[in-house]
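Asker: Just so it is clear, I am handing over target_15.txt, which has compact mmCIF, C-alpha atoms.
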```
# COMPACT_ATOMS: atom_id res chain seq x y z
CA MET A 1 100.13 30.13 -56.44
CA GLU A 2 98.28 29.97 -59.70
CA LYS A 3 100.84 27.93 -61.63
CA PRO A 4 102.67 24.79 -60.55
CA SER A 5 106.21 25.13 -59.25
CA THR A 6 108.88 24.77 -61.85
CA ARG A 7 112.47 23.64 -61.55
CA LEU A 8 114.92 25.34 -63.83
CA ARG A 9 118.59 24.63 -64.31
CA SER A 10 121.22 27.26 -64.92
CA THR A 11 124.25 27.04 -67.12
CA LEU A 12 126.75 26.86 -64.29
CA ASP A 13 127.60 23.15 -64.60
CA ILE A 14 130.97 24.42 -65.72
CA GLY A 15 131.55 25.06 -62.02
CA LYS A 16 131.91 21.34 -61.30
CA ALA A 17 135.56 21.34 -62.37
CA VAL A 18 136.22 24.29 -60.07
CA LEU A 19 134.55 22.47 -57.17
CA ALA A 20 136.64 19.35 -57.82
CA LYS A 21 139.82 21.42 -57.69
CA ASN A 22 138.66 22.99 -54.42
CA GLN A 23 137.99 19.53 -52.99
CA GLY A 24 141.51 18.38 -53.77
CA LEU A 25 142.98 21.39 -51.99
CA ALA A 26 140.60 20.91 -49.04
CA ASP A 27 141.62 17.26 -48.69
CA ARG A 28 145.29 18.28 -48.47
CA LEU A 29 144.44 21.00 -45.93
CA ARG A 30 142.52 18.48 -43.81
CA GLU A 31 145.51 16.12 -43.80
CA ASP A 32 147.82 18.97 -42.76
CA PHE A 33 145.47 19.97 -39.94
CA ARG A 34 145.21 16.30 -38.84
CA GLN A 35 148.96 15.87 -38.66
CA ARG A 36 149.24 19.02 -36.58
CA GLY A 37 146.34 18.03 -34.31
CA ILE A 38 144.49 21.29 -34.95
CA PHE A 39 140.71 21.27 -34.62
CA VAL A 40 139.24 23.41 -37.40
CA MET A 41 135.73 24.86 -37.48
CA ASN A 42 134.11 26.67 -40.42
CA VAL A 43 131.50 29.11 -39.10
CA VAL A 44 128.72 29.94 -41.56
CA SER A 45 125.47 31.95 -41.49
CA SER A 46 123.50 34.73 -43.14
CA PRO A 47 124.93 38.25 -42.93
CA GLY A 48 124.28 39.70 -39.51
CA SER A 49 123.48 36.47 -37.66
CA GLY A 50 126.11 37.17 -35.05
CA LYS A 51 129.15 35.14 -36.12
CA THR A 52 131.68 37.79 -35.14
CA GLU A 53 130.05 38.58 -31.80
CA LEU A 54 129.91 34.88 -30.91
CA LEU A 55 133.58 34.48 -31.82
CA ALA A 56 134.58 37.58 -29.84
CA ARG A 57 132.94 36.12 -26.75
CA THR A 58 134.51 32.71 -27.50
CA LEU A 59 138.03 34.18 -27.76
CA ASP A 60 137.52 36.13 -24.52
CA ARG A 61 136.78 32.88 -22.72
CA LEU A 62 139.05 30.36 -24.43
CA SER A 63 142.20 32.13 -25.62
CA VAL A 64 143.64 31.91 -22.09
CA GLU A 65 143.26 28.13 -22.21
CA MET A 66 144.39 27.18 -25.70
CA ARG A 67 146.26 28.53 -28.73
CA ILE A 68 143.69 29.76 -31.23
CA GLY A 69 144.06 31.24 -34.70
CA VAL A 70 141.28 33.00 -36.62
CA ILE A 71 140.74 33.55 -40.35
CA VAL A 72 137.82 35.84 -41.23
CA GLY A 73 136.41 36.23 -44.72
CA ASP A 74 134.47 39.19 -46.10
CA LEU A 75 133.87 40.73 -49.48
CA ALA A 76 135.19 44.05 -48.19
CA THR A 77 136.39 45.84 -45.04
CA ASP A 78 138.46 44.44 -42.19
CA ASN A 79 135.76 45.28 -39.65
CA ASP A 80 135.51 41.71 -38.38
CA ALA A 81 139.26 41.29 -37.89
CA ALA A 82 139.29 44.59 -35.99
CA ARG A 83 136.47 43.38 -33.73
CA LEU A 84 138.34 40.14 -33.01
CA ALA A 85 141.77 41.72 -32.50
CA ASN A 86 143.41 41.98 -29.09
CA ARG A 87 141.54 39.01 -27.67
CA GLY A 88 144.54 36.74 -27.31
CA ALA A 89 144.56 35.14 -30.75
CA PRO A 90 146.12 36.10 -34.09
CA VAL A 91 143.47 37.13 -36.63
CA LEU A 92 143.86 37.29 -40.39
CA GLN A 93 141.30 39.03 -42.60
CA VAL A 94 140.75 37.67 -46.10
CA ASN A 95 138.98 40.00 -48.52
CA THR A 96 137.41 37.84 -51.20
CA ASP A 97 137.23 40.70 -53.69
CA GLY A 98 133.59 40.07 -54.51
CA TYR A 99 133.53 36.29 -54.16
CA CYS A 100 130.63 35.00 -52.14
CA HIS A 101 132.46 32.41 -50.03
CA LEU A 102 135.90 31.30 -48.92
CA GLU A 103 137.70 28.64 -50.95
CA ALA A 104 140.35 26.15 -49.95
CA ASN A 105 143.14 27.98 -51.80
CA MET A 106 142.37 31.14 -49.80
CA ILE A 107 142.57 29.15 -46.56
CA ARG A 108 145.88 27.55 -47.59
CA GLU A 109 147.43 30.95 -48.26
CA ALA A 110 145.89 32.55 -45.18
CA ALA A 111 146.94 29.66 -42.92
CA ASP A 112 150.53 29.91 -44.15
CA SER A 113 150.48 33.64 -43.49
CA LEU A 114 148.87 33.25 -40.07
CA GLY A 115 151.21 30.41 -39.08
CA LEU A 116 149.87 27.07 -37.84
CA ASP A 117 152.75 26.05 -35.53
CA GLY A 118 151.47 25.24 -32.08
CA LEU A 119 147.83 26.05 -32.82
CA GLU A 120 145.19 23.86 -31.17
CA LEU A 121 142.10 25.49 -32.66
CA LEU A 122 141.63 27.26 -36.01
CA ILE A 123 138.40 29.18 -36.42
CA ILE A 124 137.33 30.17 -39.93
CA GLU A 125 134.57 32.77 -40.11
CA ASN A 126 133.12 32.46 -43.59
CA VAL A 127 131.47 35.18 -45.69
CA GLY A 128 127.87 35.86 -44.58
CA ASN A 129 125.95 33.66 -47.02
CA LEU A 130 123.60 30.74 -46.36
CA VAL A 131 124.14 29.20 -49.78
CA CYS A 132 127.55 29.16 -51.43
CA PRO A 133 129.77 28.21 -48.47
CA SER A 134 127.86 24.92 -48.21
CA THR A 135 129.49 23.55 -51.37
CA HIS A 136 133.06 24.61 -50.62
CA ASP A 137 135.01 22.36 -48.27
CA LEU A 138 137.82 24.24 -46.49
CA GLY A 139 139.41 21.19 -44.88
CA GLU A 140 137.52 21.81 -41.64
CA ASP A 141 136.58 19.17 -39.10
CA LEU A 142 133.13 20.61 -38.72
CA ARG A 143 130.82 23.28 -39.96
CA VAL A 144 129.07 25.44 -37.38
CA VAL A 145 125.90 27.06 -38.71
CA LEU A 146 124.27 30.01 -36.96
CA LEU A 147 120.61 30.94 -37.29
CA SER A 148 119.50 34.18 -35.71
CA VAL A 149 115.99 34.14 -34.28
CA THR A 150 115.40 37.39 -36.21
CA GLU A 151 115.58 35.46 -39.51
CA GLY A 152 112.52 33.31 -38.98
CA GLU A 153 111.80 29.64 -38.29
CA ASP A 154 111.71 28.39 -41.89
CA LYS A 155 115.30 29.08 -42.93
CA PRO A 156 116.51 25.48 -42.37
CA LEU A 157 113.85 24.34 -44.84
CA LYS A 158 114.68 27.05 -47.38
CA TYR A 159 118.47 26.68 -47.16
CA PRO A 160 118.77 22.94 -46.45
CA GLY A 161 122.25 22.41 -47.90
CA ILE A 162 124.10 24.41 -45.31
CA PHE A 163 122.20 22.90 -42.40
CA LYS A 164 122.60 19.33 -43.69
CA SER A 165 126.36 19.82 -43.91
CA SER A 166 126.80 21.26 -40.40
CA GLY A 167 127.67 19.34 -37.25
CA ILE A 168 126.29 21.90 -34.85
CA ALA A 169 123.60 24.56 -35.21
CA LEU A 170 123.55 27.58 -32.93
CA LEU A 171 120.39 29.58 -32.53
CA THR A 172 121.66 33.10 -31.88
CA LYS A 173 120.14 36.29 -30.41
CA CYS A 174 117.78 34.16 -28.29
CA ASP A 175 117.27 37.19 -26.03
CA LEU A 176 115.09 38.55 -28.88
CA ILE A 177 112.75 35.55 -29.16
CA ASP A 178 109.79 37.40 -27.64
CA ALA A 179 110.49 40.72 -29.37
CA VAL A 180 110.44 39.14 -32.81
CA GLY A 181 107.74 36.54 -32.09
CA PHE A 182 110.03 33.63 -32.94
CA ASP A 183 108.44 30.16 -32.75
CA LEU A 184 111.24 28.22 -31.06
CA ASP A 185 109.55 24.82 -31.20
CA SER A 186 108.91 25.15 -34.91
CA ALA A 187 112.51 26.22 -35.58
CA LEU A 188 113.92 23.30 -33.57
CA LEU A 189 111.66 20.90 -35.44
CA ASN A 190 112.79 22.31 -38.79
CA ILE A 191 116.47 21.99 -37.89
CA ARG A 192 115.97 18.41 -36.65
CA ASN A 193 114.09 17.45 -39.80
CA VAL A 194 116.69 18.89 -42.16
CA ALA A 195 119.80 18.19 -40.11
CA PRO A 196 119.19 15.31 -37.68
CA GLN A 197 122.96 14.95 -37.27
CA ALA A 198 123.41 18.45 -35.85
CA ARG A 199 123.65 19.25 -32.18
CA ILE A 200 121.57 22.34 -31.42
CA LEU A 201 122.45 25.04 -28.88
CA GLU A 202 120.31 28.04 -27.96
CA THR A 203 122.53 31.07 -27.40
CA SER A 204 122.67 34.81 -26.90
CA ALA A 205 125.93 36.74 -26.95
CA ARG A 206 124.12 39.60 -25.22
CA SER A 207 122.73 37.64 -22.27
CA SER A 208 125.46 34.95 -22.34
CA GLN A 209 122.77 32.26 -22.62
CA GLY A 210 124.30 29.01 -23.85
CA LEU A 211 127.89 30.29 -24.01
CA ASP A 212 129.07 27.94 -21.25
CA ASP A 213 127.73 24.96 -23.17
CA TRP A 214 129.21 26.25 -26.41
CA CYS A 215 132.67 26.77 -24.95
CA GLN A 216 132.59 23.35 -23.30
CA TRP A 217 131.67 21.84 -26.65
CA VAL A 218 134.68 23.58 -28.22
CA ARG A 219 136.99 22.38 -25.43
CA ASP A 220 135.83 18.80 -25.89
CA ALA A 221 136.26 18.97 -29.65
CA VAL A 222 139.78 20.37 -29.36
CA ALA A 223 140.73 17.73 -26.78
CA ALA A 224 139.33 14.93 -28.95
CA LYS A 225 141.30 16.13 -31.97
CA LYS A 226 144.55 16.12 -30.02
CA GLY A 227 143.72 12.53 -29.05
CA MET B 1 144.93 41.87 -36.35
CA GLU B 2 148.50 40.70 -36.19
CA LYS B 3 149.09 40.28 -39.91
CA PRO B 4 148.27 42.68 -42.70
CA SER B 5 145.13 42.04 -44.70
CA THR B 6 145.61 39.95 -47.74
CA ARG B 7 143.69 39.81 -51.01
CA LEU B 8 143.40 36.44 -52.61
CA ARG B 9 141.87 35.50 -55.91
CA SER B 10 139.91 32.36 -56.60
CA THR B 11 139.84 30.31 -59.75
CA LEU B 12 136.32 31.26 -60.77
CA ASP B 13 137.27 33.58 -63.64
CA ILE B 14 135.72 30.88 -65.79
CA GLY B 15 132.42 32.32 -64.67
CA LYS B 16 132.84 35.41 -66.85
CA ALA B 17 131.53 33.61 -69.92
CA VAL B 18 128.49 32.50 -67.95
CA LEU B 19 127.87 36.07 -66.80
CA ALA B 20 128.13 37.37 -70.37
CA LYS B 21 125.51 34.86 -71.50
CA ASN B 22 123.23 35.93 -68.64
CA GLN B 23 123.66 39.56 -69.66
CA GLY B 24 122.56 38.84 -73.22
CA LEU B 25 119.42 37.13 -71.98
CA ALA B 26 118.76 39.95 -69.51
CA ASP B 27 119.06 42.57 -72.25
CA ARG B 28 116.44 40.75 -74.31
CA LEU B 29 114.17 40.43 -71.28
CA ARG B 30 114.50 44.16 -70.59
CA GLU B 31 113.51 44.99 -74.17
CA ASP B 32 110.49 42.69 -73.90
CA PHE B 33 109.41 44.35 -70.63
CA ARG B 34 109.93 47.80 -72.20
CA GLN B 35 107.74 47.00 -75.18
CA ARG B 36 105.01 45.76 -72.87
CA GLY B 37 105.34 48.74 -70.52
CA ILE B 38 105.84 46.53 -67.46
CA PHE B 39 107.81 47.96 -64.56
CA VAL B 40 110.06 45.24 -63.15
CA MET B 41 111.69 45.23 -59.73
CA ASN B 42 114.24 42.71 -58.45
CA VAL B 43 114.00 42.48 -54.65
CA VAL B 44 117.19 41.33 -52.93
CA SER B 45 118.39 40.91 -49.34
CA SER B 46 119.88 38.52 -46.81
CA PRO B 47 117.77 35.54 -45.77
CA GLY B 48 115.11 36.62 -43.31
CA SER B 49 115.24 40.37 -43.96
CA GLY B 50 111.52 40.50 -44.64
CA LYS B 51 111.21 40.42 -48.44
CA THR B 52 108.16 38.18 -48.47
CA GLU B 53 106.37 40.03 -45.68
CA LEU B 54 106.95 43.38 -47.41
CA LEU B 55 105.63 41.96 -50.68
CA ALA B 56 102.57 40.46 -48.98
CA ARG B 57 101.70 43.87 -47.57
CA THR B 58 102.43 45.47 -50.95
CA LEU B 59 100.12 43.09 -52.81
CA ASP B 60 97.36 43.64 -50.23
CA ARG B 61 97.50 47.38 -50.96
CA LEU B 62 98.26 47.54 -54.67
CA SER B 63 96.74 44.51 -56.39
CA VAL B 64 93.34 46.22 -56.41
CA GLU B 65 94.87 49.15 -58.34
CA MET B 66 97.12 47.49 -60.91
CA ARG B 67 97.85 44.11 -62.51
CA ILE B 68 100.82 42.59 -60.74
CA GLY B 69 102.73 39.36 -61.33
CA VAL B 70 105.21 37.83 -58.88
CA ILE B 71 108.13 35.44 -59.39
CA VAL B 72 109.74 34.16 -56.20
CA GLY B 73 113.06 32.32 -56.09
CA ASP B 74 114.26 29.93 -53.41
CA LEU B 75 116.64 27.01 -53.19
CA ALA B 76 113.85 24.85 -51.83
CA THR B 77 110.21 24.93 -50.65
CA ASP B 78 107.32 26.94 -52.05
CA ASN B 79 106.73 28.65 -48.69
CA ASP B 80 107.08 32.13 -50.16
CA ALA B 81 104.67 31.53 -53.02
CA ALA B 82 102.17 30.12 -50.52
CA ARG B 83 102.51 33.25 -48.35
CA LEU B 84 101.94 35.49 -51.38
CA ALA B 85 99.05 33.48 -52.85
CA ASN B 86 95.45 34.72 -52.78
CA ARG B 87 96.46 38.37 -52.63
CA GLY B 88 95.16 39.33 -56.06
CA ALA B 89 98.24 38.56 -58.14
CA PRO B 90 99.51 35.40 -59.85
CA VAL B 91 102.62 34.03 -58.14
CA LEU B 92 105.15 31.60 -59.59
CA GLN B 93 107.72 29.85 -57.41
CA VAL B 94 111.09 29.03 -58.96
CA ASN B 95 113.18 26.48 -57.09
CA THR B 96 116.78 27.05 -58.07
CA ASP B 97 117.83 23.53 -57.11
CA GLY B 98 120.75 24.71 -55.03
CA TYR B 99 121.74 27.78 -57.06
CA CYS B 100 122.35 30.83 -54.96
CA HIS B 101 120.54 33.40 -57.12
CA LEU B 102 118.06 33.77 -59.95
CA GLU B 103 119.39 34.00 -63.51
CA ALA B 104 117.89 35.58 -66.59
CA ASN B 105 117.07 32.25 -68.22
CA MET B 106 115.02 31.27 -65.15
CA ILE B 107 113.11 34.56 -65.38
CA ARG B 108 112.47 34.09 -69.11
CA GLU B 109 110.97 30.66 -68.53
CA ALA B 110 109.05 31.74 -65.42
CA ALA B 111 107.68 34.87 -67.13
CA ASP B 112 106.42 32.80 -70.06
CA SER B 113 104.78 30.40 -67.65
CA LEU B 114 103.27 33.19 -65.53
CA GLY B 115 102.09 35.13 -68.59
CA LEU B 116 103.01 38.79 -69.10
CA ASP B 117 99.94 39.94 -71.04
CA GLY B 118 98.37 42.97 -69.41
CA LEU B 119 100.80 43.11 -66.47
CA GLU B 120 101.81 46.56 -65.24
CA LEU B 121 104.19 45.47 -62.50
CA LEU B 122 106.39 42.38 -62.25
CA ILE B 123 107.97 41.74 -58.87
CA ILE B 124 110.89 39.32 -58.67
CA GLU B 125 111.80 38.15 -55.17
CA ASN B 126 115.33 36.85 -55.43
CA VAL B 127 116.99 34.14 -53.34
CA GLY B 128 118.03 35.43 -49.91
CA ASN B 129 121.68 36.29 -50.54
CA LEU B 130 123.50 39.62 -50.26
CA VAL B 131 126.24 38.64 -52.69
CA CYS B 132 125.51 36.62 -55.81
CA PRO B 133 122.29 38.33 -57.02
CA SER B 134 124.28 41.56 -57.42
CA THR B 135 126.13 40.24 -60.47
CA HIS B 136 123.13 38.72 -62.27
CA ASP B 137 120.98 41.12 -64.23
CA LEU B 138 117.41 39.84 -64.64
CA GLY B 139 116.26 42.55 -67.05
CA GLU B 140 114.73 44.53 -64.21
CA ASP B 141 114.24 48.31 -64.18
CA LEU B 142 115.50 48.54 -60.66
CA ARG B 143 116.92 46.57 -57.79
CA VAL B 144 115.32 47.00 -54.40
CA VAL B 145 117.64 46.05 -51.53
CA LEU B 146 116.33 45.37 -48.03
CA LEU B 147 118.41 45.67 -44.88
CA SER B 148 116.85 44.49 -41.66
CA VAL B 149 117.83 46.47 -38.58
CA THR B 150 118.57 43.11 -36.92
CA GLU B 151 121.54 42.61 -39.26
CA GLY B 152 123.64 45.53 -38.06
CA GLU B 153 124.73 48.88 -39.40
CA ASP B 154 127.86 47.78 -41.25
CA LYS B 155 126.33 45.51 -43.87
CA PRO B 156 126.36 48.16 -46.66
CA LEU B 157 130.13 48.44 -46.17
CA LYS B 158 130.66 44.68 -46.07
CA TYR B 159 128.41 43.86 -49.04
CA PRO B 160 128.89 46.97 -51.17
CA GLY B 161 128.12 45.43 -54.56
CA ILE B 162 124.46 44.81 -53.92
CA PHE B 163 123.88 48.26 -52.40
CA LYS B 164 125.76 50.04 -55.20
CA SER B 165 123.57 48.34 -57.79
CA SER B 166 120.24 49.14 -56.11
CA GLY B 167 117.99 52.12 -56.81
CA ILE B 168 116.19 52.02 -53.50
CA ALA B 169 117.17 50.69 -50.09
CA LEU B 170 114.52 49.75 -47.55
CA LEU B 171 115.43 49.49 -43.91
CA THR B 172 113.06 46.81 -42.61
CA LYS B 173 111.83 45.75 -39.15
CA CYS B 174 112.30 49.33 -37.92
CA ASP B 175 109.96 48.53 -35.02
CA LEU B 176 112.91 46.56 -33.57
CA ILE B 177 115.44 49.43 -33.63
CA ASP B 178 115.44 49.85 -29.87
CA ALA B 179 115.24 46.14 -29.05
CA VAL B 180 118.37 45.35 -31.06
CA GLY B 181 120.24 48.59 -30.32
CA PHE B 182 120.47 49.56 -33.99
CA ASP B 183 122.37 52.78 -34.73
CA LEU B 184 120.10 54.31 -37.38
CA ASP B 185 122.29 57.34 -38.13
CA SER B 186 125.34 55.17 -38.69
CA ALA B 187 123.39 52.82 -40.98
CA LEU B 188 122.00 55.71 -43.05
CA LEU B 189 125.48 57.16 -43.40
CA ASN B 190 126.87 53.80 -44.52
CA ILE B 191 124.16 53.38 -47.15
CA ARG B 192 124.67 56.93 -48.43
CA ASN B 193 128.43 56.45 -48.63
CA VAL B 194 128.22 53.17 -50.53
CA ALA B 195 125.09 53.86 -52.57
CA PRO B 196 124.54 57.63 -52.97
CA GLN B 197 122.15 56.91 -55.85
CA ALA B 198 119.72 54.99 -53.69
CA ARG B 199 116.58 56.40 -52.17
CA ILE B 200 116.24 55.20 -48.59
CA LEU B 201 112.96 54.35 -46.84
CA GLU B 202 112.55 53.30 -43.21
CA THR B 203 109.86 50.64 -42.93
CA SER B 204 108.21 48.07 -40.72
CA ALA B 205 105.74 45.54 -42.05
CA ARG B 206 104.59 44.96 -38.48
CA SER B 207 103.82 48.60 -37.59
CA SER B 208 103.14 49.69 -41.19
CA GLN B 209 105.78 52.42 -40.83
CA GLY B 210 106.85 53.66 -44.25
CA LEU B 211 104.48 51.45 -46.24
CA ASP B 212 102.47 54.42 -47.56
CA ASP B 213 105.66 55.99 -48.94
CA TRP B 214 106.82 52.67 -50.37
CA CYS B 215 103.52 52.00 -52.15
CA GLN B 216 103.42 55.55 -53.52
CA TRP B 217 106.95 55.07 -54.83
CA VAL B 218 105.80 51.87 -56.59
CA ARG B 219 102.74 53.63 -58.07
CA ASP B 220 104.94 56.43 -59.42
CA ALA B 221 107.44 54.00 -60.91
CA VAL B 222 104.72 51.98 -62.62
CA ALA B 223 103.08 55.15 -63.99
CA ALA B 224 106.40 56.45 -65.29
CA LYS B 225 107.14 53.17 -67.09
CA LYS B 226 103.79 53.23 -68.86
CA GLY B 227 104.73 56.71 -70.01
```
Step by step, read the file and then write its structure as structure tokens.
Answerer:
Amino acid sequence: MEKPSTRLRSTLDIGKAVLAKNQGLADRLREDFRQRGIFVMNVVSSPGSGKTELLARTLDRLSVEMRIGVIVGDLATDNDAARLANRGAPVLQVNTDGYCHLEANMIREAADSLGLDGLELLIIENVGNLVCPSTHDLGEDLRVVLLSVTEGEDKPLKYPGIFKSSGIALLTKCDLIDAVGFDLDSALLNIRNVAPQARILETSARSSQGLDDWCQWVRDAVAAKKG
Amino acid sequence: MEKPSTRLRSTLDIGKAVLAKNQGLADRLREDFRQRGIFVMNVVSSPGSGKTELLARTLDRLSVEMRIGVIVGDLATDNDAARLANRGAPVLQVNTDGYCHLEANMIREAADSLGLDGLELLIIENVGNLVCPSTHDLGEDLRVVLLSVTEGEDKPLKYPGIFKSSGIALLTKCDLIDAVGFDLDSALLNIRNVAPQARILETSARSSQGLDDWCQWVRDAVAAKKG
């Protein structure tokens, strides 16, 4: 670079009031989920990192064991809800009409429509976006961030907010590590540096690598929430 | 899905005033670029789609022919500027400090810092995000959207705004089509349906597929802008 880096601020500070309103709604959602004993995960990643495929495989394995509900968010289409349908869990598609992330008021309305009675696990698949979902609490117990090996090792460093705020990080599409020349050690180091709190699992929906560990982690989390 | 799709609106209408302000700044930027005869492209995609690698290869080929300036946006790190340095063009990294896209005021300040005198081509590499950059004009002549074959065929349908607003769509990492089982015909159809205005190029920075066509397209665009 021939000039020093510069840090510039935009005019969007006006958004702080909107975020505060979202936080209030998220806090009330979290209390509702707590009283019902529902474990809630908010699944975030770039577009195309494999959220829906992971969740399809998760429903196939776990919906016979526990009552699961799914809320999926997208700007447009109900492709993801269609892919997750008929796997033993009710699925509700939220179209955000151009918004880049889910917000707590959307989850409140969607949860009421889906019905929470008797649920043990609520899975929220967020809009594919490594930035904006990180600042919008949905009342979840935990964020689950996915990083596909096709995206490169440096993404935790370049999108630190979403990794810092996640309790578990899943490397996805690990069957492609050699094909894309992914440096696994470097990626693991980057995740640990940015998000030392996060458990890391190496997975592939195609080869089933890591899915046993993932599903056991979900079982344990659901059991712990029920107390 | 067991319930009908629902469309929910968020409370972010307050952002319209911010967008209008951005548009005013972008219009002034565009007039400045026009007077100087600089062709300006705004390169957008998901994180990890290969924007920086494409631009590195582009600079290697074209910086001996024309005077190019580069502005790269990221939430954090100057990794991209470092990767693009020493390729014959000045590069300025903008750290957006958590913001999910570049805005016109950031480009104004960065362009002044970079210096526009004598430039023929200004390349703006936006933050990796398939949503938010679509609504923020930066005064560019054209948006260039990248879609990596690792992301799946349906992304144009799920993120229509950014494809609709782009003049050219580059499929990237085409050397991985077989490894990831990418359905090229379906992807091309989806892009054409959503963005019939967009020229489509199939590329791979690794194999150099399509880079001759891409660089010729850039040469033609730069020549046309100079008039």
Asker: Compare A:Val94, A:Leu188, A:Val43, A:Ile71 by their minimum atom-to-atom distance to A:Gly115, counting all atoms listed in the file, and give me the closest one.
Answerer: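 Answer, going by the shortest atom-to-atom distance: A:Ile71.
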Asker: Which neighbours of B:Leu84 fall inside 12 Å, counting all atoms listed in the file, when residues of the same chain fewer than 5 positions from it are skipped, and could you give them as a VMD selection string?
Answerer: (chain A and resid 1 to 2) or (chain B and resid 51 to 60 63 68 to 72 78 to 79 89 to 93 123 125)
Asker: Counting only C-alpha atoms, which residues have an atom no more than 9 Å from (122.3, 39.9, -60.0) in the file's coordinates? Please list them as a PyMOL selection string.
Answerer: chain B and resi 42+44+101-103+126+131-138+143+162+165
Asker: My list of candidates is B:Lys16, B:Lys164, B:Arg28, B:Lys173. Which is closest to B:Leu147 when distances are computed with all atoms listed in the file?
Answerer: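 The closest residue to B:Leu147 is B:Lys173.
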Asker: One number please: atom CA of A:Gly128 to atom CA of B:Leu157, in Å, one decimal.
Answerer: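 Those two atoms sit 12.9 Å apart.
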Asker: Could you please determine the separation between atom CA of A:Val144 and atom CA of A:Pro156 in Å, to one decimal place?
Answerer: 13.5 Å
Asker: By how many Å are atom CA of A:Arg61 and atom CA of A:Asp117 apart?
Answerer: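 These two atoms are separated by 21.6 Å.
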Asker: With distances taken over all atoms listed in the file, which of A:Ile38, A:Leu171, A:Val180, A:Ala20 is nearest to chain B?
Answerer: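 Comparing A:Ile38, A:Leu171, A:Val180, A:Ala20 against chain B, the winner is A:Val180.
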Asker: Calculated over all atoms listed in the file, which of the candidates B:Asp212, B:Asp183, B:Glu140, B:Glu109 has the smallest distance to chain A?
Answerer: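 When distances to chain A are compared using all atoms listed in the file, the smallest one comes from B:Glu109.
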Asker: A:Gln35, A:Ser186, A:Thr96, A:Ser45: which is nearest chain B, counting only C-alpha atoms?
Answerer: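 Of A:Gln35, A:Ser186, A:Thr96, A:Ser45, the one nearest chain B is A:Thr96, counting only C-alpha atoms.
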Asker: Hey, which of A:Gly37, A:Ser46, A:Ala223, A:Leu29 ends up closest to A:Ala110? Count all atoms listed in the file.
Answerer: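 Smallest distance to A:Ala110 is found for A:Leu29.
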